[in-house]
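Structure file work.json (JSON, C-alpha atoms and all ligand atoms) is printed below.
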[["chain", "number", "residue", "atom", "x", "y", "z"],
["K", 155, "MET", "CA", 80.13, 74.44, 87.07],
["K", 156, "LYS", "CA", 83.75, 73.47, 86.97],
["K", 157, "ASN", "CA", 85.87, 75.78, 89.02],
["K", 158, "ILE", "CA", 89.13, 73.91, 89.72],
["K", 159, "TYR", "CA", 92.04, 74.43, 87.38],
["K", 160, "THR", "CA", 95.31, 72.51, 87.43],
["K", 161, "ALA", "CA", 98.46, 72.48, 85.28],
["K", 162, "ALA", "CA", 96.48, 70.86, 82.43],
["K", 163, "ASN", "CA", 93.98, 73.71, 82.05],
["K", 164, "LYS", "CA", 95.77, 76.45, 83.94],
["K", 165, "LYS", "CA", 95.47, 79.00, 81.11],
["K", 166, "GLU", "CA", 91.70, 78.98, 81.29],
["K", 167, "GLY", "CA", 91.76, 79.42, 85.07],
["K", 168, "ILE", "CA", 94.19, 82.32, 84.86],
["K", 169, "LYS", "CA", 91.97, 84.00, 82.27],
["K", 170, "ARG", "CA", 89.03, 83.72, 84.68],
["K", 171, "LEU", "CA", 91.17, 85.13, 87.48],
["K", 172, "ALA", "CA", 92.16, 88.11, 85.32],
["K", 173, "GLU", "CA", 88.48, 88.73, 84.49],
["K", 174, "LEU", "CA", 87.48, 88.60, 88.15],
["K", 175, "ILE", "CA", 90.21, 91.10, 89.05],
["K", 176, "LEU", "CA", 89.24, 93.46, 86.23],
["K", 177, "GLN", "CA", 85.54, 93.23, 87.12],
["K", 178, "SER", "CA", 86.08, 93.82, 90.84],
["K", 179, "ASP", "CA", 85.85, 97.17, 92.59],
["K", 180, "TYR", "CA", 87.48, 96.18, 95.86],
["K", 181, "ALA", "CA", 89.81, 93.17, 95.68],
["K", 182, "ILE", "CA", 91.71, 92.07, 98.78],
["K", 183, "VAL", "CA", 94.48, 89.45, 98.88],
["K", 184, "LEU", "CA", 95.25, 87.07, 101.75],
["K", 185, "THR", "CA", 98.66, 85.36, 101.65],
["K", 186, "GLY", "CA", 100.36, 82.56, 103.57],
["K", 187, "ALA", "CA", 103.62, 80.60, 103.53],
["K", 188, "GLY", "CA", 103.09, 79.32, 99.98],
["K", 189, "MET", "CA", 103.45, 82.88, 98.71],
["K", 190, "ASP", "CA", 107.02, 83.08, 100.01],
["K", 191, "THR", "CA", 108.16, 79.55, 99.14],
["K", 192, "GLU", "CA", 109.77, 80.60, 95.88],
["K", 193, "SER", "CA", 111.81, 83.25, 97.66],
["K", 194, "ASN", "CA", 113.86, 80.35, 99.06],
["K", 195, "ILE", "CA", 112.95, 80.94, 102.66],
["K", 196, "PRO", "CA", 114.64, 78.05, 104.42],
["K", 197, "ASP", "CA", 112.67, 75.54, 106.39],
["K", 198, "PHE", "CA", 114.30, 76.36, 109.67],
["K", 199, "ARG", "CA", 113.62, 73.16, 111.51],
["K", 200, "GLY", "CA", 116.08, 70.38, 110.90],
["K", 201, "LYS", "CA", 118.72, 72.53, 109.21],
["K", 202, "SER", "CA", 121.14, 72.76, 112.11],
["K", 203, "GLU", "CA", 122.11, 70.34, 114.87],
["K", 204, "LEU", "CA", 120.94, 72.61, 117.65],
["K", 205, "TRP", "CA", 117.36, 72.85, 116.47],
["K", 206, "ARG", "CA", 116.84, 69.29, 115.35],
["K", 207, "ASN", "CA", 115.49, 68.23, 118.72],
["K", 208, "ILE", "CA", 113.81, 71.46, 119.76],
["K", 209, "ASP", "CA", 110.25, 72.23, 118.74],
["K", 210, "ALA", "CA", 109.99, 75.73, 117.27],
["K", 211, "ARG", "CA", 106.75, 76.09, 119.21],
["K", 212, "VAL", "CA", 108.71, 75.90, 122.45],
["K", 213, "VAL", "CA", 111.18, 78.60, 121.42],
["K", 214, "ALA", "CA", 108.65, 80.90, 119.78],
["K", 215, "ASP", "CA", 106.73, 81.14, 123.02],
["K", 216, "ILE", "CA", 106.27, 84.23, 125.14],
["K", 217, "ASN", "CA", 107.50, 82.34, 128.23],
["K", 218, "THR", "CA", 110.83, 81.34, 126.69],
["K", 219, "ILE", "CA", 111.94, 84.96, 126.37],
["K", 220, "LYS", "CA", 111.73, 85.28, 130.17],
["K", 221, "LYS", "CA", 112.81, 81.79, 131.19],
["K", 222, "ASN", "CA", 115.58, 81.08, 128.67],
["K", 223, "TYR", "CA", 116.63, 84.21, 126.81],
["K", 224, "ARG", "CA", 119.83, 82.58, 125.51],
["K", 225, "LEU", "CA", 117.91, 79.84, 123.72],
["K", 226, "PHE", "CA", 115.38, 82.36, 122.45],
["K", 227, "HIS", "CA", 118.15, 84.67, 121.27],
["K", 228, "GLN", "CA", 120.07, 81.92, 119.48],
["K", 229, "PHE", "CA", 116.95, 80.89, 117.56],
["K", 230, "TYR", "CA", 116.05, 84.38, 116.39],
["K", 231, "LYS", "CA", 119.65, 85.36, 115.71],
["K", 232, "GLU", "CA", 119.82, 82.51, 113.19],
["K", 233, "ARG", "CA", 116.41, 83.28, 111.74],
["K", 234, "LEU", "CA", 117.25, 86.94, 111.26],
["K", 235, "SER", "CA", 120.59, 86.06, 109.68],
["K", 236, "VAL", "CA", 119.00, 83.86, 107.04],
["K", 237, "MET", "CA", 115.94, 86.04, 106.48],
["K", 238, "GLY", "CA", 118.08, 89.14, 105.94],
["K", 239, "ASN", "CA", 119.03, 87.89, 102.49],
["K", 240, "VAL", "CA", 115.58, 86.88, 101.32],
["K", 241, "LYS", "CA", 114.21, 88.84, 98.36],
["K", 242, "PRO", "CA", 110.73, 89.21, 96.85],
["K", 243, "HIS", "CA", 110.07, 87.08, 93.75],
["K", 244, "ALA", "CA", 108.24, 88.06, 90.57],
["K", 245, "GLY", "CA", 104.87, 87.17, 92.12],
["K", 246, "HIS", "CA", 105.36, 89.70, 94.94],
["K", 247, "TYR", "CA", 106.10, 92.36, 92.32],
["K", 248, "VAL", "CA", 102.93, 91.47, 90.43],
["K", 249, "LEU", "CA", 100.89, 92.17, 93.58],
["K", 250, "ALA", "CA", 102.70, 95.51, 94.00],
["K", 251, "GLU", "CA", 101.87, 96.42, 90.40],
["K", 252, "LEU", "CA", 98.21, 95.40, 90.84],
["K", 253, "GLU", "CA", 97.96, 97.67, 93.87],
["K", 254, "GLU", "CA", 99.59, 100.52, 92.00],
["K", 255, "LYS", "CA", 97.05, 100.09, 89.17],
["K", 256, "GLY", "CA", 94.25, 100.14, 91.76],
["K", 257, "LEU", "CA", 93.26, 96.56, 90.93],
["K", 258, "ILE", "CA", 93.83, 95.27, 94.45],
["K", 259, "LYS", "CA", 93.20, 97.37, 97.54],
["K", 260, "GLY", "CA", 95.39, 95.63, 100.08],
["K", 261, "ILE", "CA", 97.07, 92.46, 101.33],
["K", 262, "ALA", "CA", 96.51, 90.67, 104.62],
["K", 263, "THR", "CA", 99.38, 88.28, 105.23],
["K", 264, "GLN", "CA", 100.33, 85.55, 107.68],
["K", 265, "ASN", "CA", 103.96, 85.88, 106.58],
["K", 266, "ILE", "CA", 106.55, 87.60, 108.77],
["K", 267, "SER", "CA", 109.09, 88.05, 105.98],
["K", 268, "GLY", "CA", 108.17, 91.65, 105.14],
["K", 269, "LEU", "CA", 108.42, 90.70, 101.44],
["K", 270, "HIS", "CA", 105.16, 92.37, 100.36],
["K", 271, "ILE", "CA", 106.42, 95.70, 101.69],
["K", 272, "LYS", "CA", 109.86, 95.13, 100.19],
["K", 273, "ALA", "CA", 108.20, 94.51, 96.83],
["K", 274, "GLY", "CA", 106.42, 97.87, 97.06],
["K", 275, "ASN", "CA", 102.92, 97.13, 98.35],
["K", 276, "LYS", "CA", 101.64, 99.97, 100.51],
["K", 277, "LYS", "CA", 98.55, 98.54, 102.21],
["K", 278, "VAL", "CA", 99.85, 95.41, 103.92],
["K", 279, "TYR", "CA", 98.28, 93.99, 107.08],
["K", 280, "GLU", "CA", 100.90, 91.78, 108.71],
["K", 281, "LEU", "CA", 98.70, 89.59, 110.91],
["K", 282, "HIS", "CA", 101.64, 87.79, 112.51],
["K", 283, "GLY", "CA", 104.03, 90.76, 112.58],
["K", 284, "ASP", "CA", 107.38, 91.41, 110.92],
["K", 285, "LEU", "CA", 110.51, 89.50, 111.89],
["K", 286, "ARG", "CA", 112.80, 92.42, 111.00],
["K", 287, "LYS", "CA", 111.16, 94.84, 113.44],
["K", 288, "ILE", "CA", 112.81, 94.55, 116.86],
["K", 289, "TYR", "CA", 111.78, 95.91, 120.22],
["K", 290, "CYS", "CA", 112.38, 95.36, 123.92],
["K", 291, "ASN", "CA", 109.94, 92.92, 125.51],
["K", 292, "ASN", "CA", 110.46, 94.66, 128.86],
["K", 293, "CYS", "CA", 109.93, 98.34, 128.05],
["K", 294, "GLY", "CA", 108.91, 98.51, 124.38],
["K", 295, "LYS", "CA", 111.89, 100.55, 123.14],
["K", 296, "SER", "CA", 112.70, 99.73, 119.51],
["K", 297, "ALA", "CA", 116.07, 98.40, 118.35],
["K", 298, "THR", "CA", 117.63, 97.11, 115.14],
["K", 299, "ALA", "CA", 117.88, 93.56, 113.83],
["K", 300, "GLN", "CA", 121.65, 93.89, 114.17],
["K", 301, "ASP", "CA", 121.27, 94.74, 117.90],
["K", 302, "LEU", "CA", 119.45, 91.46, 118.42],
["K", 303, "ILE", "CA", 121.95, 89.49, 116.32],
["K", 304, "ASP", "CA", 124.80, 91.03, 118.38],
["K", 305, "PHE", "CA", 123.17, 90.00, 121.68],
["K", 306, "LYS", "CA", 122.81, 93.58, 122.87],
["K", 307, "SER", "CA", 120.70, 94.55, 125.85],
["K", 308, "CYS", "CA", 117.98, 97.19, 125.56],
["K", 309, "SER", "CA", 119.45, 100.70, 125.19],
["K", 310, "PHE", "CA", 116.78, 102.10, 127.52],
["K", 311, "CYS", "CA", 116.15, 99.60, 130.34],
["K", 312, "HIS", "CA", 119.30, 97.47, 129.80],
["K", 313, "GLU", "CA", 117.43, 94.18, 130.08],
["K", 314, "TYR", "CA", 118.36, 91.33, 127.76],
["K", 315, "ALA", "CA", 114.91, 91.20, 126.23],
["K", 316, "LEU", "CA", 115.14, 92.27, 122.56],
["K", 317, "ARG", "CA", 112.64, 90.38, 120.43],
["K", 318, "PRO", "CA", 111.20, 90.48, 116.92],
["K", 319, "ASN", "CA", 107.77, 91.98, 116.42],
["K", 320, "VAL", "CA", 106.13, 88.66, 115.61],
["K", 321, "VAL", "CA", 103.23, 86.92, 117.29],
["K", 322, "PHE", "CA", 104.48, 84.19, 119.60],
["K", 323, "PHE", "CA", 102.55, 81.24, 120.89],
["K", 324, "GLY", "CA", 100.68, 82.54, 123.90],
["K", 325, "GLU", "CA", 100.19, 85.99, 122.37],
["K", 326, "ALA", "CA", 97.16, 87.48, 120.62],
["K", 327, "LEU", "CA", 97.27, 88.81, 117.06],
["K", 328, "PRO", "CA", 97.85, 92.60, 116.98],
["K", 329, "PRO", "CA", 94.27, 93.90, 117.42],
["K", 330, "ASP", "CA", 94.52, 97.02, 115.25],
["K", 331, "VAL", "CA", 96.05, 95.18, 112.29],
["K", 332, "TRP", "CA", 93.60, 92.31, 112.72],
["K", 333, "ASN", "CA", 90.57, 94.63, 112.85],
["K", 334, "THR", "CA", 91.68, 96.57, 109.79],
["K", 335, "ALA", "CA", 92.14, 93.32, 107.86],
["K", 336, "LEU", "CA", 88.70, 92.12, 108.96],
["K", 337, "ASN", "CA", 87.07, 95.33, 107.79],
["K", 338, "GLU", "CA", 88.91, 95.34, 104.47],
["K", 339, "ILE", "CA", 87.82, 91.76, 103.78],
["K", 340, "LYS", "CA", 84.20, 92.57, 104.78],
["K", 341, "LYS", "CA", 84.27, 95.44, 102.27],
["K", 342, "SER", "CA", 85.79, 93.34, 99.50],
["K", 343, "ASP", "CA", 83.91, 92.12, 96.44],
["K", 344, "LEU", "CA", 86.78, 89.77, 95.58],
["K", 345, "LEU", "CA", 89.06, 87.87, 97.97],
["K", 346, "ILE", "CA", 92.12, 86.16, 96.52],
["K", 347, "VAL", "CA", 93.71, 83.64, 98.91],
["K", 348, "ILE", "CA", 97.28, 82.73, 97.96],
["K", 349, "GLY", "CA", 99.54, 80.04, 99.40],
["K", 350, "THR", "CA", 97.67, 78.98, 102.49],
["K", 351, "SER", "CA", 95.57, 75.95, 103.26],
["K", 352, "LEU", "CA", 93.79, 77.94, 105.98],
["K", 353, "GLU", "CA", 94.54, 75.47, 108.73],
["K", 354, "VAL", "CA", 95.33, 78.04, 111.43],
["K", 355, "ALA", "CA", 92.76, 79.88, 113.53],
["K", 356, "PRO", "CA", 91.74, 82.67, 113.57],
["K", 357, "VAL", "CA", 92.97, 83.42, 110.03],
["K", 358, "ASN", "CA", 90.86, 80.55, 108.68],
["K", 359, "GLN", "CA", 87.69, 82.56, 109.49],
["K", 360, "LEU", "CA", 88.65, 85.33, 107.11],
["K", 361, "PRO", "CA", 87.33, 83.88, 103.81],
["K", 362, "TYR", "CA", 83.83, 83.69, 105.35],
["K", 363, "LEU", "CA", 83.72, 87.44, 105.86],
["K", 364, "THR", "CA", 83.50, 88.54, 102.25],
["K", 365, "SER", "CA", 80.19, 88.53, 100.45],
["K", 366, "GLY", "CA", 82.10, 88.79, 97.18],
["K", 367, "LYS", "CA", 83.77, 86.22, 94.93],
["K", 368, "THR", "CA", 86.53, 84.04, 96.35],
["K", 369, "VAL", "CA", 89.64, 82.63, 94.67],
["K", 370, "LEU", "CA", 92.25, 80.16, 95.94],
["K", 371, "ILE", "CA", 95.74, 79.94, 94.43],
["K", 372, "ASN", "CA", 97.57, 77.16, 96.22],
["K", 373, "ALA", "CA", 99.58, 73.97, 95.79],
["K", 374, "GLU", "CA", 96.64, 71.92, 97.05],
["K", 375, "GLU", "CA", 92.93, 72.15, 97.72],
["K", 376, "THR", "CA", 91.61, 73.07, 101.14],
["K", 377, "ALA", "CA", 88.50, 72.21, 103.11],
["K", 378, "TYR", "CA", 86.93, 75.52, 102.07],
["K", 379, "LYS", "CA", 84.77, 76.28, 99.06],
["K", 380, "PHE", "CA", 85.91, 78.90, 96.55],
["K", 381, "ASP", "CA", 84.39, 80.30, 93.38],
["K", 382, "LEU", "CA", 87.67, 79.67, 91.56],
["K", 383, "ILE", "CA", 90.58, 77.42, 92.48],
["K", 384, "ILE", "CA", 93.90, 77.38, 90.61],
["K", 385, "LEU", "CA", 96.34, 74.74, 91.79],
["K", 386, "GLY", "CA", 100.01, 75.48, 91.17],
["K", 387, "LYS", "CA", 102.83, 77.82, 92.06],
["K", 388, "ALA", "CA", 101.85, 81.31, 93.16],
["K", 389, "LYS", "CA", 104.68, 83.02, 91.30],
["K", 390, "GLU", "CA", 103.90, 81.54, 87.87],
["K", 391, "ILE", "CA", 100.16, 82.04, 88.23],
["K", 392, "LEU", "CA", 100.50, 85.70, 89.23],
["K", 393, "VAL", "CA", 102.99, 86.47, 86.47],
["K", 394, "ASP", "CA", 100.74, 84.82, 83.86],
["K", 395, "CYS", "CA", 97.70, 86.62, 85.25],
["K", 396, "LEU", "CA", 99.34, 90.04, 84.98],
["K", 397, "ALA", "CA", 100.25, 89.27, 81.36],
["K", 398, "VAL", "CA", 96.59, 88.50, 80.60],
["K", 399, "ILE", "CA", 95.46, 91.69, 82.34],
["K", 400, "GLN", "CA", 97.94, 93.73, 80.33],
["K", 401, "LYS", "CA", 96.88, 92.06, 77.07],
["K", 402, "GLN", "CA", 93.26, 92.99, 77.72],
["K", 403, "GLY", "CA", 94.23, 96.62, 77.25],
["K", 404, "LEU", "CA", 93.78, 97.89, 80.75],
["K", 405, "GLN", "CA", 93.19, 101.62, 80.98],
["K", 406, "PRO", "CA", 95.93, 103.14, 83.12],
["I", 501, "ZN", "ZN", 113.93, 97.87, 127.41]]
Could I get this file's structure written as structure tokens?
Amino acid sequence: MKNIYTAANKKEGIKRLAELILQSDYAIVLTGAGMDTESNIPDFRGKSELWRNIDARVVADINTIKKNYRLFHQFYKERLSVMGNVKPHAGHYVLAELEEKGLIKGIATQNISGLHIKAGNKKVYELHGDLRKIYCNNCGKSATAQDLIDFKSCSFCHEYALRPNVVFFGEALPPDVWNTALNEIKKSDLLIVIGTSLEVAPVNQLPYLTSGKTVLINAEETAYKFDLIILGKAKEILVDCLAVIQKQGLQP
């Protein structure tokens, strides 16, 4: 049975997606970088002189915060400055509307942009954290994004150790968020994977946990098998899918 849809036969694929969503009782969504692409999140590497020769993996490492706080600070100051202006796109709002209608039960995301929450989704499991949430790496006291941008020390312990609440290299995923996401996906009868090629462990294990149907919406195919694959841009596909759902006379 053919299950891969591209630009040429996208309509048919979107119709199948709408049917799967309407038929499901417990749909969960898993998103990655491709979900946020159309919100114009800049590719940070290579944009400025300073970072051209520095691997982001070196800066986004738990050891750098202790060994070279100035370098760490400069990197996240710039990231926070550019990410502060990023807004959800129409596709994010579709997912918020689907949750409000009870058609999806939650979103697990690898993105640190906070855009699902900004768009209005309530059940969001941020597997890699949220860039805009700031706390002290030394004592745990919370602070604001502006505090970090302004190179302030911690208001409680006075160390220069403010950091975003994101998972660095050398750190584990937040266990409570991770476990909740695992359980939600195990419960699901439909898992919709959007904008990720599932190359990163341990997130790439997640699609195996559902016994339900699986869908991939992505720019390219992945090594994993899905019941339905729609290749294209997440925003367009989600907007078109909501239109089909609405046309089918959904009961509110
Ligand atoms: Zn502190």
Given a cut-off of 12 Å, what residues near ligand ZN 501 (chain I) show up using all atoms listed in the file, put as number ranges by chain? K: 288-297, 306-317
Test item: residues at most 8 Å from K:Leu345, only C-alpha atoms, excluding those fewer than 3 positions along its chain, as number ranges by chain: K: 181-184, 339, 342, 361, 364, 366-369
So how far away is atom CA of K:Arg211 from atom CA of K:Gly238, in Å? 21.8 Å
Report, in Å with one decimal, the straight-line distance from atom CA of K:Gln402 to atom CA of K:Met189.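 Answer for the atom CA of K:Gln402 to atom CA of K:Met189 separation: 25.4 Å.
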Which of these, K:Lys169, K:Lys220, K:Lys340, K:Lys277, has the shortest distance to K:Leu360 once you count only C-alpha atoms? K:Lys340
List the neighbours of stretch 239-248 of chain K out to 10 Å using only C-alpha atoms; skip same-chain residues closer than 3 positions along the sequence, and give me the result as a ChimeraX atom specification. /K:189-196,234-236,251-254,267-275,387-397
Interatomic distance between atom CA of K:Phe226 and atom CA of K:His282?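 Interatomic distance here is 17.8 Å.
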Restricting the calculation to all atoms listed in the file: of K:Ala377, K:Ile371, K:Lys341, K:Pro318, which residue gets closest to K:Gln300?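 Under the stated criterion, the closest residue is K:Pro318.
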Given 4 Å on each side, where is the centre and what are the edge lengths in Å to one decimal of the axis-aligned box enclosing the listed atoms of stretch 355-373 of chain K, as JSON?
{"center_x": 89.9, "center_y": 81.4, "center_z": 104.0, "size_x": 27.4, "size_y": 22.8, "size_z": 27.1}
Under the rule of at most 12 Å, produce a per-residue listing of stretch 201-266 of chain K near stretch 352-357 of chain K: chain, number, name, the closest pair of atoms, and the distance in Å, as a tab-separated table, using only C-alpha atoms.
residue	atom	partner	partner_atom	distance
K:Ala262	CA	K:Val357	CA	9.7
K:Thr263	CA	K:Val357	CA	9.4
K:Gln264	CA	K:Val357	CA	8.0
K:Asn265	CA	K:Val357	CA	11.8
Which residues are close to K:Val320, i.e. within 10 Å by only C-alpha atoms, leaving aside same-chain residues fewer than 2 positions away? Reply as a PyMOL selection string. chain K and resi 214+265-266+280-288+317-318+322-323+325+327-328
Which residue gives the smallest distance to K:Ile383 among K:Ile158, K:Ala326, K:Val398, K:Ile346, with all atoms listed in the file counted?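 The closest residue to K:Ile383 is K:Ile158.
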Excluding K:Ile175 and its own-chain neighbours fewer than 5 positions away, which residues fall within 8 Å of it when counting all atoms listed in the file? Please give them as an mmCIF file with C-alpha atoms, keeping the file's coordinate frame.
data_model
loop_
_atom_site.group_PDB
_atom_site.id
_atom_site.type_symbol
_atom_site.label_atom_id
_atom_site.label_comp_id
_atom_site.auth_asym_id
_atom_site.auth_seq_id
_atom_site.Cartn_x
_atom_site.Cartn_y
_atom_site.Cartn_z
ATOM 1 C CA ALA K 181 89.810 93.170 95.680
ATOM 2 C CA LEU K 257 93.260 96.560 90.930
ATOM 3 C CA ILE K 258 93.830 95.270 94.450
ATOM 4 C CA LEU K 344 86.780 89.770 95.580
#
Shortest interatomic distance to K:Pro329 - which of K:Tyr279, K:Val347, K:Asp381, K:Ala299, counting only C-alpha atoms: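 That would be K:Tyr279, the residue with the smallest distance to K:Pro329.
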